[in-house]
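Engineer: My structure file run.cif, mmCIF, C-alpha atoms, is below:
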```cif
data_my_file
loop_
_atom_site.group_PDB
_atom_site.id
_atom_site.type_symbol
_atom_site.label_atom_id
_atom_site.label_comp_id
_atom_site.auth_asym_id
_atom_site.auth_seq_id
_atom_site.Cartn_x
_atom_site.Cartn_y
_atom_site.Cartn_z
ATOM 1 C CA MET A 1 10.336 -23.458 88.040
ATOM 2 C CA ILE A 2 8.839 -23.346 84.564
ATOM 3 C CA GLY A 3 5.534 -25.037 83.880
ATOM 4 C CA SER A 4 3.186 -26.567 86.375
ATOM 5 C CA ALA A 5 -0.043 -28.541 86.347
ATOM 6 C CA GLY A 6 -3.160 -26.772 87.478
ATOM 7 C CA VAL A 7 -3.009 -23.573 85.438
ATOM 8 C CA SER A 8 -6.253 -24.221 83.536
ATOM 9 C CA ALA A 9 -7.869 -26.625 85.961
ATOM 10 C CA VAL A 10 -9.298 -25.835 89.383
ATOM 11 C CA PRO A 11 -7.425 -22.746 90.693
ATOM 12 C CA MET A 12 -6.503 -24.503 93.958
ATOM 13 C CA ALA A 13 -4.151 -26.736 91.944
ATOM 14 C CA ALA A 14 -1.994 -23.700 91.097
ATOM 15 C CA ARG A 15 -1.710 -22.834 94.796
ATOM 16 C CA VAL A 16 -0.702 -26.398 95.660
ATOM 17 C CA ALA A 17 1.887 -26.390 92.843
ATOM 18 C CA GLN A 18 3.262 -23.064 94.189
ATOM 19 C CA LYS A 19 3.602 -24.482 97.711
ATOM 20 C CA VAL A 20 5.266 -27.720 96.559
ATOM 21 C CA GLY A 21 7.599 -25.789 94.232
ATOM 22 C CA GLN A 22 8.751 -23.449 97.004
ATOM 23 C CA GLU A 23 9.246 -26.314 99.454
ATOM 24 C CA GLU A 24 11.604 -27.908 96.925
ATOM 25 C CA ASP A 25 13.454 -24.665 96.215
ATOM 26 C CA PRO A 26 12.511 -21.408 97.990
ATOM 27 C CA SER A 27 13.513 -19.388 94.915
ATOM 28 C CA ASN A 28 10.785 -21.048 92.788
ATOM 29 C CA PHE A 29 7.865 -18.795 91.929
ATOM 30 C CA LEU A 30 4.711 -19.817 90.081
ATOM 31 C CA LEU A 31 2.304 -17.191 88.807
ATOM 32 C CA MET A 32 -1.238 -17.927 89.939
ATOM 33 C CA HIS A 33 -2.562 -17.103 86.472
ATOM 34 C CA ALA A 34 -1.495 -17.871 82.928
ATOM 35 C CA MET A 35 -0.939 -15.714 79.867
ATOM 36 C CA GLY A 36 -1.812 -18.327 77.292
ATOM 37 C CA PRO A 37 -4.830 -19.744 75.468
ATOM 38 C CA ASN A 38 -7.600 -21.827 77.037
ATOM 39 C CA VAL A 39 -7.524 -20.336 80.523
ATOM 40 C CA ALA A 40 -10.501 -20.490 82.880
ATOM 41 C CA GLY A 41 -11.596 -20.478 86.493
ATOM 42 C CA VAL A 42 -12.540 -24.177 86.333
ATOM 43 C CA ILE A 43 -11.689 -25.910 82.994
ATOM 44 C CA GLY A 44 -9.398 -24.465 80.320
ATOM 45 C CA TYR A 45 -10.499 -26.698 77.430
ATOM 46 C CA SER A 46 -13.062 -29.447 77.007
ATOM 47 C CA SER A 47 -14.184 -31.401 73.965
ATOM 48 C CA ALA A 48 -16.869 -33.321 75.845
ATOM 49 C CA SER A 49 -20.598 -32.890 75.425
ATOM 50 C CA GLY A 50 -23.082 -33.138 78.281
ATOM 51 C CA THR A 51 -24.625 -31.038 81.037
ATOM 52 C CA ILE A 52 -22.627 -28.707 83.240
ATOM 53 C CA GLU A 53 -24.790 -27.936 86.263
ATOM 54 C CA ALA A 54 -24.378 -25.709 89.337
ATOM 55 C CA VAL A 55 -20.740 -24.808 88.666
ATOM 56 C CA SER A 56 -19.486 -21.482 89.966
ATOM 57 C CA SER A 57 -16.261 -19.497 90.002
ATOM 58 C CA ALA A 58 -15.238 -16.445 92.012
ATOM 59 C CA VAL A 59 -11.559 -16.105 91.060
ATOM 60 C CA GLU A 60 -9.924 -13.557 88.766
ATOM 61 C CA VAL A 61 -8.941 -15.243 85.510
ATOM 62 C CA THR A 62 -6.285 -13.724 83.243
ATOM 63 C CA GLY A 63 -5.133 -15.132 79.916
ATOM 64 C CA LYS A 64 -4.511 -14.333 76.279
ATOM 65 C CA GLU A 65 -7.309 -15.931 74.202
ATOM 66 C CA TYR A 66 -10.171 -18.358 74.916
ATOM 67 C CA VAL A 67 -10.612 -17.090 78.484
ATOM 68 C CA GLY A 68 -13.696 -17.702 80.626
ATOM 69 C CA GLY A 69 -14.930 -17.724 84.200
ATOM 70 C CA ILE A 70 -15.881 -21.434 83.955
ATOM 71 C CA PHE A 71 -14.545 -22.660 80.565
ATOM 72 C CA GLY A 72 -11.888 -21.120 78.340
ATOM 73 C CA GLU A 73 -13.031 -23.127 75.307
ATOM 74 C CA HIS A 74 -15.755 -25.786 75.188
ATOM 75 C CA LYS A 75 -16.454 -27.804 72.031
ATOM 76 C CA ALA A 76 -18.965 -30.580 71.422
ATOM 77 C CA THR A 77 -17.102 -32.746 68.940
ATOM 78 C CA GLY A 78 -19.488 -35.630 68.239
ATOM 79 C CA ASP A 79 -22.447 -35.739 65.855
ATOM 80 C CA TYR A 80 -25.789 -35.148 67.640
ATOM 81 C CA SER A 81 -23.929 -33.937 70.744
ATOM 82 C CA THR A 82 -25.226 -31.298 73.137
ATOM 83 C CA ILE A 83 -23.558 -28.782 75.440
ATOM 84 C CA THR A 84 -25.901 -27.630 78.209
ATOM 85 C CA TYR A 85 -25.063 -25.119 80.955
ATOM 86 C CA VAL A 86 -27.533 -24.989 83.878
ATOM 87 C CA ASP A 87 -27.288 -22.710 86.921
ATOM 88 C CA CYS A 88 -23.653 -21.725 86.327
ATOM 89 C CA SER A 89 -22.263 -18.483 87.721
ATOM 90 C CA ASN A 90 -19.128 -16.383 87.679
ATOM 91 C CA ARG A 91 -18.293 -13.605 90.153
ATOM 92 C CA GLY A 92 -14.631 -13.015 89.303
ATOM 93 C CA SER A 93 -13.098 -10.701 86.703
ATOM 94 C CA VAL A 94 -12.180 -12.312 83.380
ATOM 95 C CA ILE A 95 -9.350 -10.549 81.557
ATOM 96 C CA GLY A 96 -8.187 -11.577 78.095
ATOM 97 C CA GLY A 97 -5.356 -10.001 76.145
ATOM 98 C CA GLY A 98 -6.940 -11.180 72.883
ATOM 99 C CA ASN A 99 -10.164 -12.698 71.557
ATOM 100 C CA TYR A 100 -12.926 -15.046 72.821
ATOM 101 C CA VAL A 101 -13.467 -13.839 76.387
ATOM 102 C CA GLY A 102 -16.651 -14.548 78.367
ATOM 103 C CA GLY A 103 -17.992 -14.553 81.907
ATOM 104 C CA ILE A 104 -18.973 -18.228 81.683
ATOM 105 C CA THR A 105 -17.236 -19.464 78.491
ATOM 106 C CA GLY A 106 -14.854 -17.705 76.114
ATOM 107 C CA ASN A 107 -15.675 -19.899 73.097
ATOM 108 C CA ALA A 108 -18.592 -22.375 73.120
ATOM 109 C CA LEU A 109 -18.952 -24.451 69.948
ATOM 110 C CA ALA A 110 -21.502 -27.146 69.203
ATOM 111 C CA THR A 111 -20.726 -27.315 65.488
ATOM 112 C CA SER A 112 -20.638 -31.037 64.680
ATOM 113 C CA PHE A 113 -23.558 -32.486 62.687
ATOM 114 C CA ARG A 114 -26.802 -31.742 64.571
ATOM 115 C CA ALA A 115 -24.905 -30.536 67.671
ATOM 116 C CA VAL A 116 -26.819 -28.191 70.003
ATOM 117 C CA LEU A 117 -25.770 -25.486 72.503
ATOM 118 C CA GLN A 118 -28.127 -24.656 75.416
ATOM 119 C CA ALA A 119 -27.854 -22.519 78.558
ATOM 120 C CA ASN A 120 -30.377 -21.875 81.337
ATOM 121 C CA ASP A 121 -30.245 -19.742 84.492
ATOM 122 C CA CYS A 122 -26.575 -18.697 84.243
ATOM 123 C CA SER A 123 -25.192 -15.417 85.548
ATOM 124 C CA ASN A 124 -22.081 -13.265 85.593
ATOM 125 C CA THR A 125 -21.203 -10.344 87.868
ATOM 126 C CA GLY A 126 -17.449 -10.202 87.202
ATOM 127 C CA ASP A 127 -16.016 -7.529 84.899
ATOM 128 C CA ILE A 128 -14.943 -8.751 81.442
ATOM 129 C CA ILE A 129 -12.090 -7.319 79.328
ATOM 130 C CA GLY A 130 -10.909 -8.512 75.902
ATOM 131 C CA LYS A 131 -10.358 -7.410 72.302
ATOM 132 C CA GLN A 132 -13.104 -9.022 70.183
ATOM 133 C CA TYR A 133 -15.803 -11.667 70.697
ATOM 134 C CA VAL A 134 -16.306 -10.571 74.312
ATOM 135 C CA GLY A 135 -19.511 -11.077 76.306
ATOM 136 C CA GLY A 136 -20.960 -11.230 79.798
ATOM 137 C CA ILE A 137 -21.864 -14.924 79.448
ATOM 138 C CA PHE A 138 -20.295 -16.099 76.149
ATOM 139 C CA GLY A 139 -17.544 -14.452 74.146
ATOM 140 C CA TYR A 140 -18.486 -16.526 71.074
ATOM 141 C CA ALA A 141 -21.241 -19.143 70.912
ATOM 142 C CA GLN A 142 -22.291 -21.245 67.931
ATOM 143 C CA SER A 143 -24.683 -24.160 67.482
ATOM 144 C CA ASN A 144 -25.098 -26.368 64.382
ATOM 145 C CA SER A 145 -28.780 -27.051 65.069
ATOM 146 C CA LEU A 146 -30.846 -24.264 66.599
ATOM 147 C CA GLY A 147 -29.640 -23.784 70.161
ATOM 148 C CA ASN A 148 -31.417 -21.943 72.948
ATOM 149 C CA VAL A 149 -30.272 -19.764 75.825
ATOM 150 C CA LYS A 150 -32.714 -18.440 78.417
ATOM 151 C CA ALA A 151 -32.747 -16.650 81.756
ATOM 152 C CA LEU A 152 -29.130 -15.518 81.437
ATOM 153 C CA THR A 153 -28.124 -12.413 83.392
ATOM 154 C CA SER A 154 -25.069 -10.210 83.350
ATOM 155 C CA SER A 155 -24.429 -7.231 85.599
ATOM 156 C CA SER A 156 -20.816 -6.531 84.796
ATOM 157 C CA SER A 157 -18.772 -3.916 83.003
ATOM 158 C CA ILE A 158 -17.629 -5.301 79.634
ATOM 159 C CA THR A 159 -14.770 -3.685 77.717
ATOM 160 C CA ALA A 160 -13.775 -4.685 74.174
ATOM 161 C CA GLU A 161 -12.931 -3.314 70.719
ATOM 162 C CA CYS A 162 -15.548 -5.139 68.586
ATOM 163 C CA TYR A 163 -18.081 -7.992 68.695
ATOM 164 C CA VAL A 164 -19.027 -7.140 72.259
ATOM 165 C CA GLY A 165 -22.323 -7.826 74.007
ATOM 166 C CA CYS A 166 -23.757 -7.907 77.487
ATOM 167 C CA ILE A 167 -24.829 -11.558 77.094
ATOM 168 C CA ALA A 168 -22.673 -12.652 74.121
ATOM 169 C CA GLY A 169 -20.142 -11.019 71.845
ATOM 170 C CA TYR A 170 -21.324 -13.252 68.984
ATOM 171 C CA LEU A 171 -24.196 -15.770 68.746
ATOM 172 C CA ASN A 172 -24.786 -17.990 65.697
ATOM 173 C CA MET A 173 -27.816 -20.334 65.416
ATOM 174 C CA VAL A 174 -28.759 -19.683 69.053
ATOM 175 C CA ALA A 175 -32.155 -18.273 70.146
ATOM 176 C CA MET A 176 -32.147 -15.981 73.192
ATOM 177 C CA ASN A 177 -35.112 -15.714 75.606
ATOM 178 C CA ASP A 178 -35.662 -13.858 78.907
ATOM 179 C CA CYS A 179 -32.067 -12.656 79.199
ATOM 180 C CA SER A 180 -31.144 -9.451 80.996
ATOM 181 C CA ASN A 181 -28.290 -7.063 81.562
ATOM 182 C CA ALA A 182 -27.706 -4.511 84.302
ATOM 183 C CA GLY A 183 -24.083 -3.700 83.423
ATOM 184 C CA SER A 184 -22.343 -1.629 80.786
ATOM 185 C CA THR A 185 -20.337 -2.140 77.615
ATOM 186 C CA LEU A 186 -17.439 0.068 76.605
#
```
Would you put the structure from the file into structure tokens?

Structural biologist:
Amino acid sequence: MIGSAGVSAVPMAARVAQKVGQEEDPSNFLLMHAMGPNVAGVIGYSSASGTIEAVSSAVEVTGKEYVGGIFGEHKATGDYSTITYVDCSNRGSVIGGGNYVGGITGNALATSFRAVLQANDCSNTGDIIGKQYVGGIFGYAQSNSLGNVKALTSSSSITAECYVGCIAGYLNMVAMNDCSNAGSTL
């Protein structure tokens, strides 16, 4: 069986697809992870603005690029739009074979006219591995208007080649307040 829904949505969907596929033909096998872009523990890709509140993930996520514990890639595409993360957490390992890998979001962009990126009270304890733009909360985060992140915590081991940080591998136009790290970067 090649291809199945649920790879970058809620991980349970992959398990259901595996079960249905094997009931149809016992020789079918579906990998529970993907080796492609936009892979995450909850949502692979979103272009919607708004508030994401009290979302958590505890599964291991493996992909190539744009890999995150909650979102692989999250873009606010409308003028004056806002992406806000509140009380989100990741406890599973996030492993990327390439770039843009983060404990919460691999690539968070609020780059439309006057778009804003915000995050409050988010945490990551899962280990993070990638090549570049790799961080405990965000791999890469950019806001068009001055964004703000506060009370973010990471206590994971983070391994990358360049643009690596305990909270974010790269921040652009985003102020950081009261953030902490108890992990390590390699």

Engineer: Would you please work out which residue, of A:Ala182, A:Leu152, A:Val59, A:Leu171, is nearest to A:Leu117 when using all atoms listed in the file?

Structural biologist: A:Leu171

Engineer: Which is closer to A:Ala58 than all the others in A:Asn172, A:Thr125, A:Thr84, A:Asn148, using all atoms listed in the file?

Structural biologist: A:Thr125

Engineer: Figure out the distance between atom CA of A:Ser47 and atom CA of A:Glu65, please, to one decimal in Å.

Structural biologist: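 Separation of atom CA of A:Glu65 and atom CA of A:Ser47: 16.9 Å.
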
Engineer: For a test of reading the model, state the distance in Å between atom CA of A:Glu60 and atom CA of A:Asn120, rounded to one decimal.

Structural biologist: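 Between atom CA of A:Glu60 and atom CA of A:Asn120 the gap is 23.3 Å.
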
Engineer: With distances taken over only C-alpha atoms, which of A:Ile129, A:Cys122, A:Ala108, A:Val39 is nearest to A:Tyr170?

Structural biologist: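 Of A:Ile129, A:Cys122, A:Ala108, A:Val39, the one nearest A:Tyr170, counting only C-alpha atoms, is A:Ala108.
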
Engineer: Please list as an mmCIF file with C-alpha atoms, in the frame of the given file every residue within 9 Å of A:Thr105, counting all atoms listed in the file and excluding residues in the same chain fewer than 5 positions away.

Structural biologist:
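As a result, result_10.cif now contains:
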```cif
data_model
loop_
_atom_site.group_PDB
_atom_site.id
_atom_site.type_symbol
_atom_site.label_atom_id
_atom_site.label_comp_id
_atom_site.auth_asym_id
_atom_site.auth_seq_id
_atom_site.Cartn_x
_atom_site.Cartn_y
_atom_site.Cartn_z
ATOM 1 C CA ALA A 40 -10.501 -20.490 82.880
ATOM 2 C CA TYR A 66 -10.171 -18.358 74.916
ATOM 3 C CA VAL A 67 -10.612 -17.090 78.484
ATOM 4 C CA GLY A 68 -13.696 -17.702 80.626
ATOM 5 C CA GLY A 69 -14.930 -17.724 84.200
ATOM 6 C CA ILE A 70 -15.881 -21.434 83.955
ATOM 7 C CA PHE A 71 -14.545 -22.660 80.565
ATOM 8 C CA GLY A 72 -11.888 -21.120 78.340
ATOM 9 C CA GLU A 73 -13.031 -23.127 75.307
ATOM 10 C CA HIS A 74 -15.755 -25.786 75.188
ATOM 11 C CA TYR A 100 -12.926 -15.046 72.821
ATOM 12 C CA GLY A 135 -19.511 -11.077 76.306
ATOM 13 C CA ILE A 137 -21.864 -14.924 79.448
ATOM 14 C CA PHE A 138 -20.295 -16.099 76.149
ATOM 15 C CA GLY A 139 -17.544 -14.452 74.146
ATOM 16 C CA TYR A 140 -18.486 -16.526 71.074
ATOM 17 C CA ALA A 141 -21.241 -19.143 70.912
#
```

Engineer: A:Gly130, A:Gly44, A:Gly165, A:Gly50: which is nearest A:Ser81, counting only C-alpha atoms?

Structural biologist: A:Gly50

Engineer: If you count all atoms listed in the file, which residues fall within 6 Å of A:Ala110, apart from same-chain ones fewer than 2 positions away, as a list in words?

Structural biologist: Lys75, Ala76, Ala115, Val116, Leu117 and Ser143 of chain A
